[in-house]
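K.L.:
Quick one: this structure, given as structure tokens, is what I'll be asking you about.
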2 protein chains.
Amino acid sequence: MAEPEALGAAGAVGRDAEAVSRFVEHFAAQLVEAGMPRMPSRVFGALLASDTGALTSVELGEQLRISPAAVSGAVRYLAQVHMVSREREPGSRRERYRVHSDQWYEALTNREAIIKRWEDALREGVVSLGADTPAGGRLAETLAFFEFMEGELESMMDRWRVHREQHFGEG
Amino acid sequence: MAEPEALGAAGAVGRDAEAVSRFVEHFAAQLVEAGMPRMPSRVFGALLASDTGALTSVELGEQLRISPAAVSGAVRYLAQVHMVSREREPGSRRERYRVHSDQWYEALTNREAIIKRWEDALREGVVSLGADTPAGGRLAETLAFFEFMEGELESMMDRWRVHREQHFGEG
DNA sequence: CGCTTCTTTCAGAAATTTGTGAAGTTAACG
DNA sequence: CGTTAACTTCACAAATTTCTGAAAGAAGCG
């Protein structure tokens with residue numbers, strides 16, 4: 001619609017803000033549907049779609065039209081699940097949030113902690129219901145599945161790293 | 001605590017209702033934390049821990065202390081994501097909900113539909129941001145990761161089926 | 001050492017989600 | 001063909017979650 005150039009002077013936000021926003025919201029919607037809270041999803045989308053892969057709190061707030069508090073909460077969530085990392089620019093109180101591709105792929109598959117807890121719950125169930133009961137047997141098999149999957153996911157990521165280097169070069 | 005035998009006369013609910021309930025709630029809590037709504041999680045847990053792997057609407061309602069409406073909603077959800085299947089007992093209006101191990105493992109990994117939509121969103125982003133821009137490149141790599149994963153998950157399930165038969169015999 | 005700037009925390013408002021009771025629908029059985 | 005039993009749908013009530021504005025808390029800079 002408008003001339004991107006004309007807006008260019010407005011600053012680094014330039015590019016095609018419209019297109020970026022469309023992608024961010026669309027992508028975030030998918031994450032939300034997969035169970036992730038909305039703000040973290042949007043923040044993550046914005047980082048993915050940024051040129052450098054890193055944005056400051058202020059930039060995120062402006063681009064997404066949300067309060068500093070919302071940024072803070074979203075970023076805390078994302079850091080906790082290892083989807084972004086925080087960086088301090090030395091000599092500035094500004095913080096910078098970055099998405100490292102390799103890092104967040106791992107986060108996606110490394111539901112480690114989650115899987116572990118499922119396994120614990122299942123193990124407990126097998127014991128308390130009795131390994132020789134039909135129900136206990138079902139739980140045991142489910143447990144076996146998770147244990148199997150755990151190992152598979154690991155080797156899958158190994159293969160991905162190889163595959164990735166072939167196509168995209170070193171990270 | 002109490003003697004299970006003494007309660008035995010109470011009926012089919014018998015077993016160690018206490019232990020079953022403890023497992024169900026604990027396991028359901030993990031599912032909830034992974035993003036699944038509460039009622040579907042509890043219903044699914046109850047099915048997993050049942051002797052036959054199948055329960056009627058009434059049984060579920062009694063065991064979990066929830067209304068028929070809640071059972072209905074939970075079961076609809078679970079059926080939609082293919083974690084349980086519905087069975088009609090012929091000659092009765094009763095319906096029976098069953099968890100097939102092999103079926104719900106697939107459901108877990110076959111986030112197919114979800115992954116597809118993520119991929120669509122990413123493809124769109126690559127185009128609208130430009131494949132030659134840094135951001136576009138990042139999205140493209142992410143897309144490649146999902147595509148890679150899609151294939152891997154499939155072959156992983158193949159391996160699981162083999163692994164399973166070795167340990168548990170035919171389903 | 002105080003000022004300034006950025007981030008986090010907190011309490012409350014708003015919105016969404018979740019579960020219930022009651023009425024409605026379908027299907028078996030006499 | 002009516003009755004009854006099971007499941008579903010609907011509207012509303014309750015609870016939880018989510019986001020904001022305001023104030024407090026760090027950390028560089030003069």
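Ordering of the structure tokens sets the chain letters (A, B, ...), residue numbers begin anew at 1 in every chain, and ligands are numbered from 1 in the order given.
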Hey, what does DSSP flag as helix (DSSP H, G or I) within chain A? Can you give it to me as a count of residues only?
P.N.:
116
K.L.:
What residues in chain D have any atom no more than 10 Å from chain A when counting only C-alpha atoms (C1' of nucleotides), and can you write them as a PyMOL selection string?
P.N.:
chain D and resi 17-21+26-29
K.L.:
How would the residues just chosen look if you wrote them out with C-alpha atoms (C1' of nucleotides) as a CSV table (one decimal), in the first residue's frame?
P.N.:
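Result file again34.csv:
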chain,number,residue,atom,x,y,z
D,17,DT,C1',-6.1,-16.6,33.8
D,18,DT,C1',-4.3,-12.5,31.6
D,19,DC,C1',-3.0,-7.7,31.1
D,20,DT,C1',-2.6,-3.0,32.6
D,21,DG,C1',-1.2,1.1,35.5
D,26,DA,C1',18.5,-2.3,40.3
D,27,DA,C1',22.3,-0.4,37.7
D,28,DG,C1',25.0,2.9,35.0
D,29,DC,C1',26.4,7.8,34.7
K.L.:
Check segment 57-144 of chain B with DSSP on the backbone and list each residue it calls strand (DSSP E), as number ranges by chain.
P.N.:
B: 85-88, 95-98
K.L.:
Got a sec to align chain A on chain B by every in-order Cα pair and hand back the fitted coordinates as a PDB file with C-alpha atoms, in the first residue's frame?
P.N.:
ATOM      1  CA  MET A   1      -6.301 -48.273  55.492  1.00  0.00           C
ATOM      2  CA  ALA A   2      -9.686 -49.998  55.136  1.00  0.00           C
ATOM      3  CA  GLU A   3     -10.097 -53.580  54.003  1.00  0.00           C
ATOM      4  CA  PRO A   4     -10.535 -53.641  50.245  1.00  0.00           C
ATOM      5  CA  GLU A   5     -12.439 -56.898  50.630  1.00  0.00           C
ATOM      6  CA  ALA A   6     -15.069 -55.297  52.800  1.00  0.00           C
ATOM      7  CA  LEU A   7     -15.710 -52.808  50.042  1.00  0.00           C
ATOM      8  CA  GLY A   8     -15.573 -55.449  47.386  1.00  0.00           C
ATOM      9  CA  ALA A   9     -19.263 -56.098  47.678  1.00  0.00           C
ATOM     10  CA  ALA A  10     -19.902 -52.511  46.717  1.00  0.00           C
ATOM     11  CA  GLY A  11     -19.306 -53.565  43.150  1.00  0.00           C
ATOM     12  CA  ALA A  12     -16.931 -53.308  40.231  1.00  0.00           C
ATOM     13  CA  VAL A  13     -15.591 -49.982  41.439  1.00  0.00           C
ATOM     14  CA  GLY A  14     -13.778 -51.970  44.113  1.00  0.00           C
ATOM     15  CA  ARG A  15     -10.040 -52.484  43.608  1.00  0.00           C
ATOM     16  CA  ASP A  16      -8.153 -49.856  45.478  1.00  0.00           C
ATOM     17  CA  ALA A  17     -10.247 -46.870  44.569  1.00  0.00           C
ATOM     18  CA  GLU A  18      -8.031 -44.727  46.723  1.00  0.00           C
ATOM     19  CA  ALA A  19      -4.876 -45.661  44.851  1.00  0.00           C
ATOM     20  CA  VAL A  20      -6.549 -45.334  41.501  1.00  0.00           C
ATOM     21  CA  SER A  21      -7.783 -41.877  42.327  1.00  0.00           C
ATOM     22  CA  ARG A  22      -4.388 -40.783  43.506  1.00  0.00           C
ATOM     23  CA  PHE A  23      -2.809 -41.885  40.277  1.00  0.00           C
ATOM     24  CA  VAL A  24      -5.515 -40.351  38.132  1.00  0.00           C
ATOM     25  CA  GLU A  25      -5.247 -36.954  39.727  1.00  0.00           C
ATOM     26  CA  HIS A  26      -1.490 -36.970  39.733  1.00  0.00           C
ATOM     27  CA  PHE A  27      -1.203 -38.040  36.139  1.00  0.00           C
ATOM     28  CA  ALA A  28      -3.895 -35.615  35.042  1.00  0.00           C
ATOM     29  CA  ALA A  29      -2.007 -32.804  36.707  1.00  0.00           C
ATOM     30  CA  GLN A  30       0.943 -33.505  34.431  1.00  0.00           C
ATOM     31  CA  LEU A  31      -1.238 -33.419  31.366  1.00  0.00           C
ATOM     32  CA  VAL A  32      -2.747 -30.160  32.487  1.00  0.00           C
ATOM     33  CA  GLU A  33       0.676 -28.667  32.917  1.00  0.00           C
ATOM     34  CA  ALA A  34       1.446 -29.703  29.371  1.00  0.00           C
ATOM     35  CA  GLY A  35      -1.474 -27.652  28.178  1.00  0.00           C
ATOM     36  CA  MET A  36      -4.410 -30.052  28.125  1.00  0.00           C
ATOM     37  CA  PRO A  37      -7.715 -28.915  29.698  1.00  0.00           C
ATOM     38  CA  ARG A  38      -8.445 -30.351  33.105  1.00  0.00           C
ATOM     39  CA  MET A  39     -11.498 -32.519  32.556  1.00  0.00           C
ATOM     40  CA  PRO A  40     -10.174 -34.288  29.480  1.00  0.00           C
ATOM     41  CA  SER A  41      -6.983 -34.943  31.416  1.00  0.00           C
ATOM     42  CA  ARG A  42      -8.821 -36.492  34.322  1.00  0.00           C
ATOM     43  CA  VAL A  43     -11.070 -38.580  32.126  1.00  0.00           C
ATOM     44  CA  PHE A  44      -8.099 -39.823  30.198  1.00  0.00           C
ATOM     45  CA  GLY A  45      -6.308 -40.720  33.397  1.00  0.00           C
ATOM     46  CA  ALA A  46      -9.304 -42.668  34.620  1.00  0.00           C
ATOM     47  CA  LEU A  47      -9.440 -44.651  31.391  1.00  0.00           C
ATOM     48  CA  LEU A  48      -5.734 -45.415  31.509  1.00  0.00           C
ATOM     49  CA  ALA A  49      -6.061 -46.692  35.045  1.00  0.00           C
ATOM     50  CA  SER A  50      -9.157 -48.764  34.429  1.00  0.00           C
ATOM     51  CA  ASP A  51      -8.955 -52.522  34.267  1.00  0.00           C
ATOM     52  CA  THR A  52     -10.498 -52.918  30.852  1.00  0.00           C
ATOM     53  CA  GLY A  53      -9.285 -49.669  29.355  1.00  0.00           C
ATOM     54  CA  ALA A  54     -12.866 -48.645  28.760  1.00  0.00           C
ATOM     55  CA  LEU A  55     -15.524 -46.985  30.897  1.00  0.00           C
ATOM     56  CA  THR A  56     -19.054 -45.742  30.441  1.00  0.00           C
ATOM     57  CA  SER A  57     -20.157 -42.181  30.868  1.00  0.00           C
ATOM     58  CA  VAL A  58     -21.829 -42.990  34.163  1.00  0.00           C
ATOM     59  CA  GLU A  59     -18.777 -44.751  35.554  1.00  0.00           C
ATOM     60  CA  LEU A  60     -16.600 -41.791  34.651  1.00  0.00           C
ATOM     61  CA  GLY A  61     -19.022 -39.377  36.232  1.00  0.00           C
ATOM     62  CA  GLU A  62     -19.152 -41.322  39.482  1.00  0.00           C
ATOM     63  CA  GLN A  63     -15.464 -41.964  39.751  1.00  0.00           C
ATOM     64  CA  LEU A  64     -14.465 -38.379  39.058  1.00  0.00           C
ATOM     65  CA  ARG A  65     -17.455 -36.771  40.727  1.00  0.00           C
ATOM     66  CA  ILE A  66     -18.394 -34.706  37.724  1.00  0.00           C
ATOM     67  CA  SER A  67     -21.648 -34.060  35.905  1.00  0.00           C
ATOM     68  CA  PRO A  68     -22.716 -35.902  32.745  1.00  0.00           C
ATOM     69  CA  ALA A  69     -22.217 -32.637  30.904  1.00  0.00           C
ATOM     70  CA  ALA A  70     -18.590 -32.512  31.942  1.00  0.00           C
ATOM     71  CA  VAL A  71     -18.059 -36.090  30.820  1.00  0.00           C
ATOM     72  CA  SER A  72     -19.641 -35.303  27.505  1.00  0.00           C
ATOM     73  CA  GLY A  73     -17.407 -32.305  26.930  1.00  0.00           C
ATOM     74  CA  ALA A  74     -14.246 -34.088  27.983  1.00  0.00           C
ATOM     75  CA  VAL A  75     -14.956 -37.092  25.822  1.00  0.00           C
ATOM     76  CA  ARG A  76     -15.708 -34.958  22.815  1.00  0.00           C
ATOM     77  CA  TYR A  77     -12.345 -33.280  23.231  1.00  0.00           C
ATOM     78  CA  LEU A  78     -10.481 -36.559  23.630  1.00  0.00           C
ATOM     79  CA  ALA A  79     -12.175 -38.104  20.625  1.00  0.00           C
ATOM     80  CA  GLN A  80     -11.352 -35.069  18.513  1.00  0.00           C
ATOM     81  CA  VAL A  81      -7.652 -35.395  19.214  1.00  0.00           C
ATOM     82  CA  HIS A  82      -7.874 -39.164  18.765  1.00  0.00           C
ATOM     83  CA  MET A  83      -6.862 -40.070  22.260  1.00  0.00           C
ATOM     84  CA  VAL A  84      -9.949 -42.180  22.881  1.00  0.00           C
ATOM     85  CA  SER A  85     -12.508 -43.883  20.703  1.00  0.00           C
ATOM     86  CA  ARG A  86     -16.189 -44.342  21.309  1.00  0.00           C
ATOM     87  CA  GLU A  87     -17.873 -47.708  21.273  1.00  0.00           C
ATOM     88  CA  ARG A  88     -21.541 -48.497  21.289  1.00  0.00           C
ATOM     89  CA  GLU A  89     -22.529 -51.606  23.121  1.00  0.00           C
ATOM     90  CA  PRO A  90     -25.018 -53.102  20.688  1.00  0.00           C
ATOM     91  CA  GLY A  91     -28.490 -53.268  22.120  1.00  0.00           C
ATOM     92  CA  SER A  92     -27.905 -50.539  24.657  1.00  0.00           C
ATOM     93  CA  ARG A  93     -27.891 -46.789  24.552  1.00  0.00           C
ATOM     94  CA  ARG A  94     -24.829 -46.837  26.698  1.00  0.00           C
ATOM     95  CA  GLU A  95     -21.669 -45.621  25.159  1.00  0.00           C
ATOM     96  CA  ARG A  96     -18.255 -46.816  26.164  1.00  0.00           C
ATOM     97  CA  TYR A  97     -15.067 -44.835  25.862  1.00  0.00           C
ATOM     98  CA  ARG A  98     -11.848 -46.674  25.267  1.00  0.00           C
ATOM     99  CA  VAL A  99      -8.186 -45.857  25.196  1.00  0.00           C
ATOM    100  CA  HIS A 100      -6.210 -47.934  22.716  1.00  0.00           C
ATOM    101  CA  SER A 101      -2.541 -47.733  23.581  1.00  0.00           C
ATOM    102  CA  ASP A 102      -1.294 -47.767  20.033  1.00  0.00           C
ATOM    103  CA  GLN A 103      -3.899 -45.249  19.097  1.00  0.00           C
ATOM    104  CA  TRP A 104      -3.042 -42.631  21.612  1.00  0.00           C
ATOM    105  CA  TYR A 105       0.691 -42.874  21.180  1.00  0.00           C
ATOM    106  CA  GLU A 106       0.079 -41.927  17.595  1.00  0.00           C
ATOM    107  CA  ALA A 107      -2.093 -39.073  18.746  1.00  0.00           C
ATOM    108  CA  LEU A 108       0.724 -37.771  20.886  1.00  0.00           C
ATOM    109  CA  THR A 109       3.194 -37.649  18.053  1.00  0.00           C
ATOM    110  CA  ASN A 110       0.701 -37.072  15.290  1.00  0.00           C
ATOM    111  CA  ARG A 111       0.407 -33.485  16.031  1.00  0.00           C
ATOM    112  CA  GLU A 112       0.235 -33.677  12.243  1.00  0.00           C
ATOM    113  CA  ALA A 113      -2.484 -31.113  11.844  1.00  0.00           C
ATOM    114  CA  ILE A 114      -0.791 -28.758  14.238  1.00  0.00           C
ATOM    115  CA  ILE A 115       2.607 -29.096  12.626  1.00  0.00           C
ATOM    116  CA  LYS A 116       1.071 -28.587   9.221  1.00  0.00           C
ATOM    117  CA  ARG A 117      -0.401 -25.310  10.272  1.00  0.00           C
ATOM    118  CA  TRP A 118       2.851 -24.115  11.746  1.00  0.00           C
ATOM    119  CA  GLU A 119       4.490 -24.941   8.491  1.00  0.00           C
ATOM    120  CA  ASP A 120       1.883 -23.028   6.553  1.00  0.00           C
ATOM    121  CA  ALA A 121       2.335 -19.959   8.706  1.00  0.00           C
ATOM    122  CA  LEU A 122       6.090 -20.173   8.259  1.00  0.00           C
ATOM    123  CA  ARG A 123       5.899 -20.632   4.505  1.00  0.00           C
ATOM    124  CA  GLU A 124       3.704 -17.597   4.272  1.00  0.00           C
ATOM    125  CA  GLY A 125       6.177 -15.647   6.369  1.00  0.00           C
ATOM    126  CA  VAL A 126       9.109 -16.623   4.176  1.00  0.00           C
ATOM    127  CA  VAL A 127       7.292 -15.343   1.126  1.00  0.00           C
ATOM    128  CA  SER A 128       5.995 -12.123   2.563  1.00  0.00           C
ATOM    129  CA  LEU A 129       9.211 -11.161   4.291  1.00  0.00           C
ATOM    130  CA  GLY A 130      11.355 -12.285   1.379  1.00  0.00           C
ATOM    131  CA  ALA A 131      13.423 -15.435   1.266  1.00  0.00           C
ATOM    132  CA  ASP A 132      16.586 -13.363   0.838  1.00  0.00           C
ATOM    133  CA  THR A 133      16.124 -11.297   3.989  1.00  0.00           C
ATOM    134  CA  PRO A 134      17.706 -12.326   7.281  1.00  0.00           C
ATOM    135  CA  ALA A 135      14.331 -12.793   8.880  1.00  0.00           C
ATOM    136  CA  GLY A 136      13.075 -14.769   5.895  1.00  0.00           C
ATOM    137  CA  GLY A 137      16.109 -16.999   6.129  1.00  0.00           C
ATOM    138  CA  ARG A 138      15.443 -17.662   9.780  1.00  0.00           C
ATOM    139  CA  LEU A 139      11.872 -18.616   9.056  1.00  0.00           C
ATOM    140  CA  ALA A 140      12.993 -20.867   6.222  1.00  0.00           C
ATOM    141  CA  GLU A 141      15.341 -22.724   8.504  1.00  0.00           C
ATOM    142  CA  THR A 142      12.642 -23.138  11.105  1.00  0.00           C
ATOM    143  CA  LEU A 143      10.365 -24.474   8.417  1.00  0.00           C
ATOM    144  CA  ALA A 144      13.044 -26.936   7.371  1.00  0.00           C
ATOM    145  CA  PHE A 145      13.265 -28.123  10.948  1.00  0.00           C
ATOM    146  CA  PHE A 146       9.580 -28.861  11.123  1.00  0.00           C
ATOM    147  CA  GLU A 147       9.625 -30.684   7.828  1.00  0.00           C
ATOM    148  CA  PHE A 148      12.544 -32.739   9.007  1.00  0.00           C
ATOM    149  CA  MET A 149      10.835 -33.535  12.258  1.00  0.00           C
ATOM    150  CA  GLU A 150       7.687 -34.636  10.510  1.00  0.00           C
ATOM    151  CA  GLY A 151       9.494 -37.428   8.713  1.00  0.00           C
ATOM    152  CA  GLU A 152      11.499 -38.398  11.760  1.00  0.00           C
ATOM    153  CA  LEU A 153       8.452 -38.783  13.935  1.00  0.00           C
ATOM    154  CA  GLU A 154       6.961 -41.155  11.446  1.00  0.00           C
ATOM    155  CA  SER A 155       9.950 -43.467  11.358  1.00  0.00           C
ATOM    156  CA  MET A 156      10.256 -43.213  15.104  1.00  0.00           C
ATOM    157  CA  MET A 157       6.778 -44.630  15.472  1.00  0.00           C
ATOM    158  CA  ASP A 158       7.730 -47.459  13.117  1.00  0.00           C
ATOM    159  CA  ARG A 159      10.638 -48.321  15.354  1.00  0.00           C
ATOM    160  CA  TRP A 160       8.417 -48.106  18.406  1.00  0.00           C
ATOM    161  CA  ARG A 161       5.999 -50.657  17.022  1.00  0.00           C
ATOM    162  CA  VAL A 162       8.851 -53.080  16.546  1.00  0.00           C
ATOM    163  CA  HIS A 163      10.268 -52.365  19.961  1.00  0.00           C
ATOM    164  CA  ARG A 164       6.859 -52.805  21.483  1.00  0.00           C
ATOM    165  CA  GLU A 165       6.152 -56.165  19.968  1.00  0.00           C
ATOM    166  CA  GLN A 166       9.438 -57.477  21.263  1.00  0.00           C
ATOM    167  CA  HIS A 167       8.596 -56.478  24.791  1.00  0.00           C
ATOM    168  CA  PHE A 168       4.850 -56.720  25.025  1.00  0.00           C
ATOM    169  CA  GLY A 169       3.791 -59.021  22.248  1.00  0.00           C
ATOM    170  CA  GLU A 170       1.102 -58.166  19.729  1.00  0.00           C
ATOM    171  CA  GLY A 171      -1.358 -55.461  20.779  1.00  0.00           C
TER     172      GLY A 171
END
K.L.:
What are the residues of chain C lining chain A at 8 Å or less? Count only C-alpha atoms (C1' of nucleotides), and put the answer as a PyMOL selection string.
P.N.:
chain C and resi 5-8
K.L.:
Would you save the residues from that selection as a tab-separated table (two decimals), in the first residue's frame, using N, CA and C atoms (P, O5', C5', C4', C3', O3' and C1' of nucleotides)?
P.N.:
chain	number	residue	atom	x	y	z
C	5	DT	P	16.53	9.85	31.63
C	5	DT	O5'	16.63	8.28	31.40
C	5	DT	C5'	17.91	7.68	31.17
C	5	DT	C4'	17.79	6.18	31.34
C	5	DT	C3'	16.55	5.57	30.69
C	5	DT	O3'	16.95	4.45	29.92
C	5	DT	C1'	16.73	4.85	32.92
C	6	DC	P	16.00	3.91	28.76
C	6	DC	O5'	15.71	2.44	29.30
C	6	DC	C5'	16.82	1.56	29.47
C	6	DC	C4'	16.49	0.53	30.52
C	6	DC	C3'	15.31	-0.38	30.17
C	6	DC	O3'	15.79	-1.70	30.00
C	6	DC	C1'	15.25	0.33	32.45
C	7	DT	P	14.76	-2.86	29.54
C	7	DT	O5'	14.32	-3.49	30.92
C	7	DT	C5'	15.31	-4.11	31.74
C	7	DT	C4'	14.71	-4.47	33.09
C	7	DT	C3'	13.57	-5.49	33.02
C	7	DT	O3'	13.99	-6.66	33.70
C	7	DT	C1'	13.05	-3.68	34.47
C	8	DT	P	13.01	-7.94	33.68
C	8	DT	O5'	12.26	-7.82	35.08
C	8	DT	C5'	13.03	-7.77	36.27
C	8	DT	C4'	12.14	-7.40	37.44
C	8	DT	C3'	10.97	-8.37	37.68
C	8	DT	O3'	11.13	-8.91	38.98
C	8	DT	C1'	10.27	-6.08	37.76
K.L.:
Leaving out DA23 of chain D and any residue of its chain fewer than 4 positions from it, which residues lie within 12 Å of it when counting only C-alpha atoms (C1' of nucleotides), given as a tab-separated table (two decimals) with C-alpha atoms (C1' of nucleotides), in the first residue's frame?
P.N.:
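So part10.tsv came out as:
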chain	number	residue	atom	x	y	z
C	8	DT	C1'	10.27	-6.08	37.76
C	9	DT	C1'	6.59	-6.61	41.10
C	10	DC	C1'	1.93	-5.91	42.79
C	11	DA	C1'	-2.98	-5.31	43.06
K.L.:
Work out how far atom C1' of DA27 of chain C is from atom C1' of DC12 of chain D, in Å to one decimal.
P.N.:
29.6 Å
K.L.:
Could you please determine the separation between atom C1' of DT18 of chain C and atom C1' of DA6 of chain D in Å, to one decimal place?
P.N.:
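Separation between atom C1' of DT18 of chain C and atom C1' of DA6 of chain D: 23.4 Å.
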K.L.:
Just to confirm, what's the straight-line distance from atom C1' of DA13 of chain D to atom C1' of DT17 of chain C in Å (one decimal)?
P.N.:
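Interatomic distance here is 12.5 Å.
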